[in-house]
file structure.txt (compact mmCIF, C-alpha atoms)
# COMPACT_ATOMS: atom_id res chain seq x y z
CA MET Q 1 41.31 107.02 66.29
CA ALA Q 2 37.62 107.87 66.36
CA SER Q 3 36.49 111.46 65.88
CA ASN Q 4 35.78 113.80 68.77
CA THR Q 5 32.31 114.37 67.37
CA LEU Q 6 31.50 110.67 67.64
CA LYS Q 7 32.90 110.49 71.16
CA GLU Q 8 30.87 113.47 72.29
CA GLU Q 9 27.75 112.02 70.69
CA LEU Q 10 28.40 108.72 72.44
CA LYS Q 11 28.75 110.44 75.80
CA LYS Q 12 25.44 112.26 75.31
CA HIS Q 13 23.68 109.00 74.40
CA ILE Q 14 25.16 107.26 77.44
CA ILE Q 15 24.16 110.04 79.82
CA GLU Q 16 20.60 110.00 78.49
CA GLN Q 17 20.11 106.25 78.12
CA LEU Q 18 21.66 105.38 81.48
CA ASN Q 19 19.94 108.23 83.38
CA LEU Q 20 23.26 109.71 84.54
CA GLU Q 21 21.49 112.91 85.56
CA GLU Q 22 24.32 114.52 87.45
CA VAL Q 23 26.99 113.69 84.87
CA ARG Q 24 27.96 116.13 82.12
CA VAL Q 25 29.67 115.29 78.84
CA GLU Q 26 32.86 117.04 80.02
CA ASP Q 27 32.91 114.87 83.17
CA ILE Q 28 33.55 111.71 81.13
CA GLU Q 29 37.13 111.32 79.94
CA ASP Q 30 37.62 109.47 76.69
CA ASP Q 31 39.98 106.88 78.17
CA ALA Q 32 38.45 106.53 81.65
CA PRO Q 33 37.20 102.99 82.38
CA LEU Q 34 33.41 102.86 82.17
CA PHE Q 35 33.20 100.12 84.82
CA GLY Q 36 34.88 99.58 88.14
CA GLU Q 37 36.84 101.88 90.40
CA GLY Q 38 38.41 105.06 89.16
CA GLY Q 39 36.09 105.54 86.23
CA VAL Q 40 32.56 106.39 85.34
CA GLY Q 41 31.22 103.74 87.74
CA LEU Q 42 28.69 101.93 85.55
CA ASP Q 43 27.10 98.71 86.76
CA SER Q 44 25.96 95.44 85.21
CA ILE Q 45 22.57 96.79 84.15
CA ASP Q 46 24.33 99.72 82.50
CA ALA Q 47 26.40 97.17 80.58
CA LEU Q 48 23.22 95.70 79.12
CA GLU Q 49 21.96 99.18 78.28
CA LEU Q 50 25.21 99.89 76.40
CA ILE Q 51 24.57 96.84 74.23
CA VAL Q 52 21.07 98.18 73.52
CA LEU Q 53 22.52 101.64 72.83
CA LEU Q 54 24.97 100.33 70.22
CA GLU Q 55 22.16 98.54 68.45
CA LYS Q 56 19.70 101.45 68.70
CA TYR Q 57 21.98 104.25 67.50
CA TYR Q 58 24.63 102.46 65.43
CA GLN Q 59 22.95 99.20 64.35
CA LEU Q 60 25.82 97.21 65.83
CA ASN Q 61 25.30 94.00 67.74
CA VAL Q 62 27.92 92.85 70.27
CA THR Q 63 27.14 89.26 71.25
CA ASN Q 64 30.52 87.85 72.29
CA PRO Q 65 31.13 88.55 76.02
CA GLU Q 66 34.90 88.66 75.57
CA GLU Q 67 34.57 91.12 72.73
CA GLY Q 68 32.12 93.11 74.85
CA LYS Q 69 34.69 93.54 77.64
CA GLN Q 70 37.06 95.20 75.19
CA VAL Q 71 34.46 97.22 73.32
CA PHE Q 72 32.86 98.67 76.42
CA TYR Q 73 36.07 99.43 78.29
CA SER Q 74 35.96 103.20 77.64
CA ILE Q 75 34.42 105.83 75.40
CA GLU Q 76 37.57 105.59 73.24
CA THR Q 77 37.21 101.84 72.70
CA MET Q 78 33.48 102.13 72.02
CA ALA Q 79 34.02 104.91 69.48
CA ASP Q 80 36.85 102.98 67.79
CA TYR Q 81 34.58 99.94 67.48
CA ILE Q 82 31.80 102.03 65.95
CA GLU Q 83 34.19 103.67 63.47
CA LYS Q 84 35.63 100.31 62.49
CA HIS Q 85 32.31 98.59 61.95
CA LYS Q 86 30.06 101.25 60.52
CA SER Q 87 29.20 100.63 56.89
CA MET Y 1 6.52 103.29 123.61
CA LYS Y 2 5.92 106.22 121.27
CA GLU Y 3 2.62 108.04 121.65
CA LYS Y 4 2.62 109.33 118.10
CA ALA Y 5 4.46 107.46 115.41
CA THR Y 6 5.85 109.08 112.29
CA TYR Y 7 4.01 108.96 108.97
CA CYS Y 8 4.38 110.41 105.51
CA ARG Y 9 1.54 110.81 103.02
CA MET Y 10 1.88 111.52 99.31
CA ASN Y 11 -1.07 112.32 97.06
CA PRO Y 12 -1.73 114.50 93.98
CA HIS Y 13 -1.71 117.60 96.22
CA GLY Y 14 1.77 117.05 97.60
CA VAL Y 15 3.82 115.45 100.34
CA PHE Y 16 2.80 115.61 104.00
CA VAL Y 17 4.86 114.46 106.98
CA ASN Y 18 3.02 113.99 110.27
CA GLY Y 19 0.15 115.95 108.76
CA ARG Y 20 2.25 118.97 107.74
CA GLN Y 21 2.76 119.77 104.05
CA LYS Y 22 6.37 119.55 102.93
CA VAL Y 23 5.94 119.81 99.16
CA SER Y 24 3.12 121.05 96.99
CA PHE Y 25 2.52 119.40 93.61
CA ASN Y 26 0.36 122.18 92.20
CA GLU Y 27 1.10 122.66 88.50
CA ILE Y 28 4.15 120.42 88.64
CA ALA Y 29 4.33 116.91 87.20
CA VAL Y 30 4.66 114.43 90.05
CA GLU Y 31 7.87 112.86 88.76
CA ASP Y 32 9.50 116.30 88.39
CA ALA Y 33 8.35 117.27 91.87
CA LEU Y 34 9.85 114.09 93.32
CA THR Y 35 13.15 114.81 91.59
CA GLU Y 36 13.12 118.32 93.02
CA MET Y 37 12.38 116.90 96.47
CA TYR Y 38 15.31 114.49 96.12
CA ARG Y 39 17.63 117.39 95.26
CA ASN Y 40 16.31 119.54 98.12
CA LEU Y 41 16.97 116.71 100.58
CA ALA Y 42 20.62 116.70 99.36
CA LEU Y 43 20.74 112.91 99.57
CA GLU Y 44 23.66 112.50 97.11
CA TYR Y 45 22.51 109.12 95.88
CA PRO Y 46 22.74 109.19 92.06
CA LYS Y 47 21.13 105.77 91.75
CA PHE Y 48 17.87 107.55 92.52
CA TYR Y 49 17.72 108.78 88.92
CA LYS Y 50 17.84 105.22 87.59
CA MET Y 51 14.92 104.02 89.73
CA ASP Y 52 11.43 103.60 88.38
CA LEU Y 53 8.62 105.78 89.77
CA LEU Y 54 7.50 103.17 92.32
CA SER Y 55 11.01 102.86 93.74
CA LYS Y 56 11.53 106.63 93.76
CA VAL Y 57 8.35 107.11 95.78
CA ALA Y 58 9.28 104.31 98.19
CA PHE Y 59 12.84 105.61 98.55
CA LEU Y 60 11.74 109.18 99.26
CA GLY Y 61 8.99 108.12 101.66
CA VAL Y 62 11.46 106.25 103.84
CA GLU Y 63 14.06 109.04 103.60
CA LEU Y 64 11.43 111.52 104.80
CA LEU Y 65 10.56 109.31 107.78
CA LYS Y 66 14.27 109.17 108.62
CA THR Y 67 14.67 112.94 108.43
CA VAL Y 68 11.75 113.49 110.82
CA ASP Y 69 13.07 111.07 113.40
CA PRO Y 70 16.54 109.65 112.69
CA SER Y 71 16.44 107.65 115.93
CA LEU Y 72 13.65 105.52 114.47
CA VAL Y 73 16.20 103.63 112.45
CA SER Y 74 19.61 104.64 113.81
CA THR Y 75 18.98 102.88 117.11
CA GLN Y 76 18.15 99.53 115.49
CA ASN Y 77 20.44 96.83 114.13
CA ASP Y 78 20.37 96.31 110.38
CA ASP Y 79 18.27 93.18 110.69
CA GLN Y 80 15.75 94.69 113.10
CA ILE Y 81 13.93 96.95 110.66
CA GLY Y 82 11.11 95.30 108.73
CA LEU Y 83 9.53 96.61 105.53
CA LEU Y 84 5.85 95.81 105.00
CA PHE Y 85 4.48 97.32 101.81
CA ALA Y 86 1.50 96.85 99.50
CA ASN Y 87 -0.37 98.45 96.63
CA SER Y 88 -3.21 97.75 94.21
CA GLU Y 89 -1.24 97.74 90.95
CA GLY Y 90 1.99 95.80 91.46
CA SER Y 91 4.61 97.26 89.13
CA THR Y 92 2.14 98.01 86.32
CA HIS Y 93 3.44 101.53 85.70
CA THR Y 94 6.89 100.15 84.86
CA ASP Y 95 5.53 97.00 83.23
CA MET Y 96 3.77 99.16 80.66
CA ARG Y 97 6.88 101.26 80.02
CA PHE Y 98 8.89 98.06 79.55
CA GLN Y 99 6.26 96.71 77.16
CA GLU Y 100 6.48 99.94 75.17
CA SER Y 101 10.25 99.59 74.96
CA TYR Y 102 9.96 96.35 73.02
CA LEU Y 103 6.70 96.95 71.16
CA VAL Y 104 7.43 100.51 70.04
CA ASP Y 105 11.21 100.88 70.24
CA LEU Y 106 11.74 97.19 69.36
CA LEU Y 107 14.52 97.10 71.96
CA PRO Y 108 13.60 95.78 75.41
CA SER Y 109 15.10 98.02 78.07
CA PRO Y 110 17.17 96.17 80.70
CA SER Y 111 17.00 99.10 83.11
CA LEU Y 112 13.18 99.02 83.00
CA PHE Y 113 13.01 95.24 83.11
CA VAL Y 114 14.75 95.07 86.50
CA TYR Y 115 11.90 97.11 88.01
CA THR Y 116 9.07 94.92 86.69
CA LEU Y 117 8.38 93.50 90.17
CA PRO Y 118 7.03 95.77 92.94
CA ASN Y 119 9.25 94.32 95.67
CA ILE Y 120 12.31 95.72 93.89
CA ALA Y 121 11.30 99.00 95.55
CA LEU Y 122 12.01 97.31 98.90
CA GLY Y 123 15.36 96.14 97.53
CA GLU Y 124 16.28 99.74 96.71
CA ILE Y 125 15.43 100.81 100.28
CA ALA Y 126 17.41 97.89 101.71
CA ILE Y 127 20.46 98.64 99.53
CA ARG Y 128 20.40 102.33 100.40
CA ASN Y 129 20.16 101.70 104.15
CA LYS Y 130 21.97 98.33 104.33
CA TRP Y 131 18.95 96.77 106.04
CA HIS Y 132 18.75 93.00 106.14
CA GLY Y 133 15.47 92.49 107.97
CA ALA Y 134 12.25 90.85 106.80
CA HIS Y 135 10.30 92.47 104.01
CA MET Y 136 7.10 91.79 102.12
CA PHE Y 137 5.21 93.43 99.27
CA ALA Y 138 1.58 92.41 98.71
CA VAL Y 139 -0.98 93.43 96.12
CA PHE Y 140 -4.58 94.11 97.16
CA PRO Y 141 -7.55 95.73 95.40
CA ASN Y 142 -7.64 98.45 98.10
CA PHE Y 143 -5.76 99.72 101.12
CA VAL Y 144 -6.07 97.05 103.85
CA PRO Y 145 -5.22 98.18 107.42
CA VAL Y 146 -5.54 94.61 108.73
CA TYR Y 147 -2.56 93.55 106.58
CA TYR Y 148 -0.29 95.96 108.45
CA ALA Y 149 -1.71 95.07 111.87
CA ASP Y 150 -1.37 91.30 111.38
CA HIS Y 151 1.86 91.03 109.41
CA GLY Y 152 3.45 93.90 111.31
CA LYS Y 153 2.85 91.97 114.54
CA ILE Y 154 4.39 88.83 113.04
CA MET Y 155 7.50 90.72 111.93
CA LEU Y 156 7.86 92.29 115.38
CA GLU Y 157 7.44 88.91 117.05
CA GLU Y 158 10.04 87.40 114.73
CA GLY Y 159 12.81 89.86 115.59
CA ALA Y 160 12.05 93.26 114.11
CA LYS Y 161 12.10 96.21 116.50
CA VAL Y 162 10.52 98.58 114.01
CA VAL Y 163 8.42 97.90 110.92
CA ILE Y 164 8.00 100.51 108.24
CA GLY Y 165 4.62 100.09 106.57
CA GLY Y 166 3.95 101.44 103.11
CA TRP Y 167 1.16 101.73 100.56
CA LEU Y 168 2.13 103.01 97.14
CA ASP Y 169 0.03 103.41 94.05
CA VAL Y 170 1.58 105.55 91.31
CA ARG Y 171 -0.01 104.60 88.02
CA GLU Y 172 -3.18 106.64 87.72
CA LYS Y 173 -2.57 109.05 90.56
CA LEU Y 174 -0.05 109.20 93.36
CA ASP Y 175 -1.46 107.57 96.50
CA ALA Y 176 1.28 106.69 98.97
CA LEU Y 177 1.58 106.31 102.70
CA PHE Y 178 4.57 105.42 104.88
CA PHE Y 179 4.38 104.92 108.61
CA VAL Y 180 6.32 103.41 111.47
CA MET Y 181 5.09 100.61 113.70
CA ASP Y 182 6.79 99.40 116.84
CA GLU Y 183 5.89 96.77 119.38
CA GLY Y 184 4.00 99.20 121.58
CA LEU Y 185 1.73 100.23 118.74
CA VAL Y 186 0.88 96.84 117.27
CA ASN Y 187 0.23 95.10 120.58
CA ASN Y 188 -3.14 96.82 120.70
CA ARG Y 189 -4.87 95.76 117.50
CA GLU Y 190 -7.54 98.44 117.68
CA ASN Y 191 -4.90 101.12 118.14
CA ILE Y 192 -2.87 100.03 115.15
CA LEU Y 193 -5.93 99.70 112.94
CA HIS Y 194 -7.11 103.14 113.99
CA PHE Y 195 -3.64 104.67 113.51
CA VAL Y 196 -3.09 103.18 110.05
CA SER Y 197 -6.60 104.09 108.85
CA LYS Y 198 -6.22 107.63 110.19
CA CYS Y 199 -2.86 108.11 108.47
CA TYR Y 200 -4.30 106.92 105.17
CA SER Y 201 -7.33 109.15 105.34
CA ASN Y 202 -5.28 112.27 106.12

call {"tool": "encode", "arguments": {"input": "structure.txt", "output": "structure tokens"}}
result
Amino acid sequence: MASNTLKEELKKHIIEQLNLEEVRVEDIEDDAPLFGEGGVGLDSIDALELIVLLEKYYQLNVTNPEEGKQVFYSIETMADYIEKHKS
Amino acid sequence: MKEKATYCRMNPHGVFVNGRQKVSFNEIAVEDALTEMYRNLALEYPKFYKMDLLSKVAFLGVELLKTVDPSLVSTQNDDQIGLLFANSEGSTHTDMRFQESYLVDLLPSPSLFVYTLPNIALGEIAIRNKWHGAHMFAVFPNFVPVYYADHGKIMLEEGAKVVIGGWLDVREKLDALFFVMDEGLVNNRENILHFVSKCYSN
């Protein structure tokens, strides 16, 4: 499981990069879905920004759409992917 | 027929609605002042923060018109409100920020890219208000009252009951105007030209 430090860092990057002005780090649960109902409520443009964010801060490139659906499901899945792939 | 239609003017000094100052921009960056205005209006529309400057100005201009006279829009059907906007710079302010994202950051920003057309500002207004009427965004070297008189009349003849006109330059200095036209106003061409010119010069 990815570290809490990484997850918190990821939340801060997401809030800043996606202009989620009224969202605080503590408002985002690690396992809450990032897209769709009942979660953070990101949209399709946010999805593209997350791809840019992974590349900008972690030098990781997600190009497979099916893989992307799993990676970007939640903060937890994003952090796990980063931990697994960082050199 | 309304004797005095509603208008909202934004310039480097602040925001004025029907000639009365609502917000002063003295010593505050325009974008910060607009964010403060959004919060003071208690609109609860978080998408505002994701908009580019052009869309934020357009969004707030229309929201201010609605707060002054809610009946202007609440009494119309969703397809009876036209949006007729123009400026002299297109979406240049955002175009340049997008260019910087790929030239300097080497990562083109999707959230900036979607605003690299000025008519997206009209899309943001339409989404917010669920309006499905006609809309148009033109680019001219200067403010052109005849554009609003002529195209406003066409929109009103084609089914609109109200047309919201807008002029919004944001790149070098804030220069924005929003005003409401109805059938009674545009049927007299001299009146509409006089009204629009007067609103702009205020």

call {"tool": "closest_atom_pairs", "arguments": {"input": "structure.txt", "of": "chain Q", "to": "chain Y", "cutoff": "7 Å", "atoms": "only C-alpha atoms", "output": "Markdown table"}}
result
| residue | atom | partner | partner_atom | distance |
| --- | --- | --- | --- | --- |
| Q:Asn19 | CA | Y:Lys50 | CA | 5.6 |
| Q:Glu21 | CA | Y:Tyr49 | CA | 6.5 |
| Q:Ile45 | CA | Y:Ser111 | CA | 6.1 |
| Q:Leu48 | CA | Y:Pro110 | CA | 6.3 |
| Q:Glu49 | CA | Y:Pro110 | CA | 6.2 |
| Q:Val52 | CA | Y:Leu107 | CA | 6.8 |

call {"tool": "write_last_selection", "arguments": {"input": "structure.txt", "atoms": "C-alpha atoms", "output": "PDB file, keeping the file's coordinate frame"}}
result
ATOM      1  CA  ASN Q  19      19.940 108.230  83.380  1.00  0.00           C
ATOM      2  CA  GLU Q  21      21.490 112.910  85.560  1.00  0.00           C
ATOM      3  CA  ILE Q  45      22.570  96.790  84.150  1.00  0.00           C
ATOM      4  CA  LEU Q  48      23.220  95.700  79.120  1.00  0.00           C
ATOM      5  CA  GLU Q  49      21.960  99.180  78.280  1.00  0.00           C
ATOM      6  CA  VAL Q  52      21.070  98.180  73.520  1.00  0.00           C
TER       7      VAL Q  52
END

call {"tool": "atom_distance", "arguments": {"input": "structure.txt", "atom1": "CA of Lys56 (chain Q)", "atom2": "CA of Ile120 (chain Y)"}}
result
26.9 Å

call {"tool": "atom_distance", "arguments": {"input": "structure.txt", "atom1": "CA of Leu156 (chain Y)", "atom2": "CA of Phe16 (chain Y)"}}
result
26.4 Å

call {"tool": "residues_near_point", "arguments": {"input": "structure.txt", "point": "(25.3, 100.4, 73.9)", "cutoff": "10 Å", "atoms": "all atoms listed in the file", "output": "list of chain:residue names"}}
result
Q:Leu10, Q:His13, Q:Ile14, Q:Gln17, Q:Leu18, Q:Asp46, Q:Ala47, Q:Leu48, Q:Glu49, Q:Leu50, Q:Ile51, Q:Val52, Q:Leu53, Q:Leu54, Q:Glu55, Q:Lys56, Q:Tyr57, Q:Tyr58, Q:Gln59, Q:Leu60, Q:Asn61, Q:Val62, Q:Val71, Q:Phe72, Q:Met78

call {"tool": "residues_around", "arguments": {"input": "structure.txt", "residues": "Trp131 (chain Y)", "least_positions_apart": "6", "cutoff": "12 Å", "atoms": "only C-alpha atoms", "output": "mmCIF file with C-alpha atoms, in the coordinates of the input"}}
result
data_model
loop_
_atom_site.group_PDB
_atom_site.id
_atom_site.type_symbol
_atom_site.label_atom_id
_atom_site.label_comp_id
_atom_site.auth_asym_id
_atom_site.auth_seq_id
_atom_site.Cartn_x
_atom_site.Cartn_y
_atom_site.Cartn_z
ATOM 1 C CA VAL Y 73 16.200 103.630 112.450
ATOM 2 C CA SER Y 74 19.610 104.640 113.810
ATOM 3 C CA GLN Y 76 18.150 99.530 115.490
ATOM 4 C CA ASN Y 77 20.440 96.830 114.130
ATOM 5 C CA ASP Y 78 20.370 96.310 110.380
ATOM 6 C CA ASP Y 79 18.270 93.180 110.690
ATOM 7 C CA GLN Y 80 15.750 94.690 113.100
ATOM 8 C CA ILE Y 81 13.930 96.950 110.660
ATOM 9 C CA GLY Y 82 11.110 95.300 108.730
ATOM 10 C CA LEU Y 83 9.530 96.610 105.530
ATOM 11 C CA LEU Y 122 12.010 97.310 98.900
ATOM 12 C CA GLY Y 123 15.360 96.140 97.530
ATOM 13 C CA GLU Y 124 16.280 99.740 96.710
ATOM 14 C CA ILE Y 125 15.430 100.810 100.280
ATOM 15 C CA ALA Y 160 12.050 93.260 114.110
ATOM 16 C CA VAL Y 162 10.520 98.580 114.010
ATOM 17 C CA VAL Y 163 8.420 97.900 110.920
ATOM 18 C CA ILE Y 164 8.000 100.510 108.240
#

call {"tool": "atom_distance", "arguments": {"input": "structure.txt", "atom1": "CA of Glu26 (chain Q)", "atom2": "CA of Gly68 (chain Q)"}}
result
24.5 Å

call {"tool": "residues_around", "arguments": {"input": "structure.txt", "residues": "Phe143 (chain Y)", "least_positions_apart": "6", "cutoff": "12 Å", "atoms": "all atoms listed in the file", "output": "MDAnalysis selection string"}}
result
chainID Y and resid 85:89 165:169 175:177 193 196:197 199:201

call {"tool": "write_last_selection", "arguments": {"input": "structure.txt", "atoms": "C-alpha atoms", "output": "PDB file, keeping the file's coordinate frame"}}
result
ATOM      1  CA  PHE Y  85       4.480  97.320 101.810  1.00  0.00           C
ATOM      2  CA  ALA Y  86       1.500  96.850  99.500  1.00  0.00           C
ATOM      3  CA  ASN Y  87      -0.370  98.450  96.630  1.00  0.00           C
ATOM      4  CA  SER Y  88      -3.210  97.750  94.210  1.00  0.00           C
ATOM      5  CA  GLU Y  89      -1.240  97.740  90.950  1.00  0.00           C
ATOM      6  CA  GLY Y 165       4.620 100.090 106.570  1.00  0.00           C
ATOM      7  CA  GLY Y 166       3.950 101.440 103.110  1.00  0.00           C
ATOM      8  CA  TRP Y 167       1.160 101.730 100.560  1.00  0.00           C
ATOM      9  CA  LEU Y 168       2.130 103.010  97.140  1.00  0.00           C
ATOM     10  CA  ASP Y 169       0.030 103.410  94.050  1.00  0.00           C
ATOM     11  CA  ASP Y 175      -1.460 107.570  96.500  1.00  0.00           C
ATOM     12  CA  ALA Y 176       1.280 106.690  98.970  1.00  0.00           C
ATOM     13  CA  LEU Y 177       1.580 106.310 102.700  1.00  0.00           C
ATOM     14  CA  LEU Y 193      -5.930  99.700 112.940  1.00  0.00           C
ATOM     15  CA  VAL Y 196      -3.090 103.180 110.050  1.00  0.00           C
ATOM     16  CA  SER Y 197      -6.600 104.090 108.850  1.00  0.00           C
ATOM     17  CA  CYS Y 199      -2.860 108.110 108.470  1.00  0.00           C
ATOM     18  CA  TYR Y 200      -4.300 106.920 105.170  1.00  0.00           C
ATOM     19  CA  SER Y 201      -7.330 109.150 105.340  1.00  0.00           C
TER      20      SER Y 201
END

call {"tool": "axis_aligned_box", "arguments": {"input": "structure.txt", "around": "region 153-161 of chain Y", "padding_each_side": "5 Å", "output": "JSON"}}
result
{"center_x": 7.8, "center_y": 91.8, "center_z": 114.5, "size_x": 20.0, "size_y": 18.8, "size_z": 15.1}

call {"tool": "residues_around", "arguments": {"input": "structure.txt", "residues": "region 28-32 of chain Y", "least_positions_apart": "4", "cutoff": "9 Å", "atoms": "all atoms listed in the file", "output": "list in words"}}
result
Pro12, Gly14, Ser24, Glu36, Met37, Leu53, Lys56 and Leu174 of chain Y

call {"tool": "residues_around", "arguments": {"input": "structure.txt", "residues": "Tyr73 (chain Q)", "least_positions_apart": "6", "cutoff": "9 Å", "atoms": "all atoms listed in the file", "output": "compact mmCIF listing (two decimals) with C-alpha atoms, in the coordinates of the input"}}
result
# COMPACT_ATOMS: atom_id res chain seq x y z
CA ASP Q 31 39.98 106.88 78.17
CA ALA Q 32 38.45 106.53 81.65
CA PRO Q 33 37.20 102.99 82.38
CA LEU Q 34 33.41 102.86 82.17
CA PHE Q 35 33.20 100.12 84.82
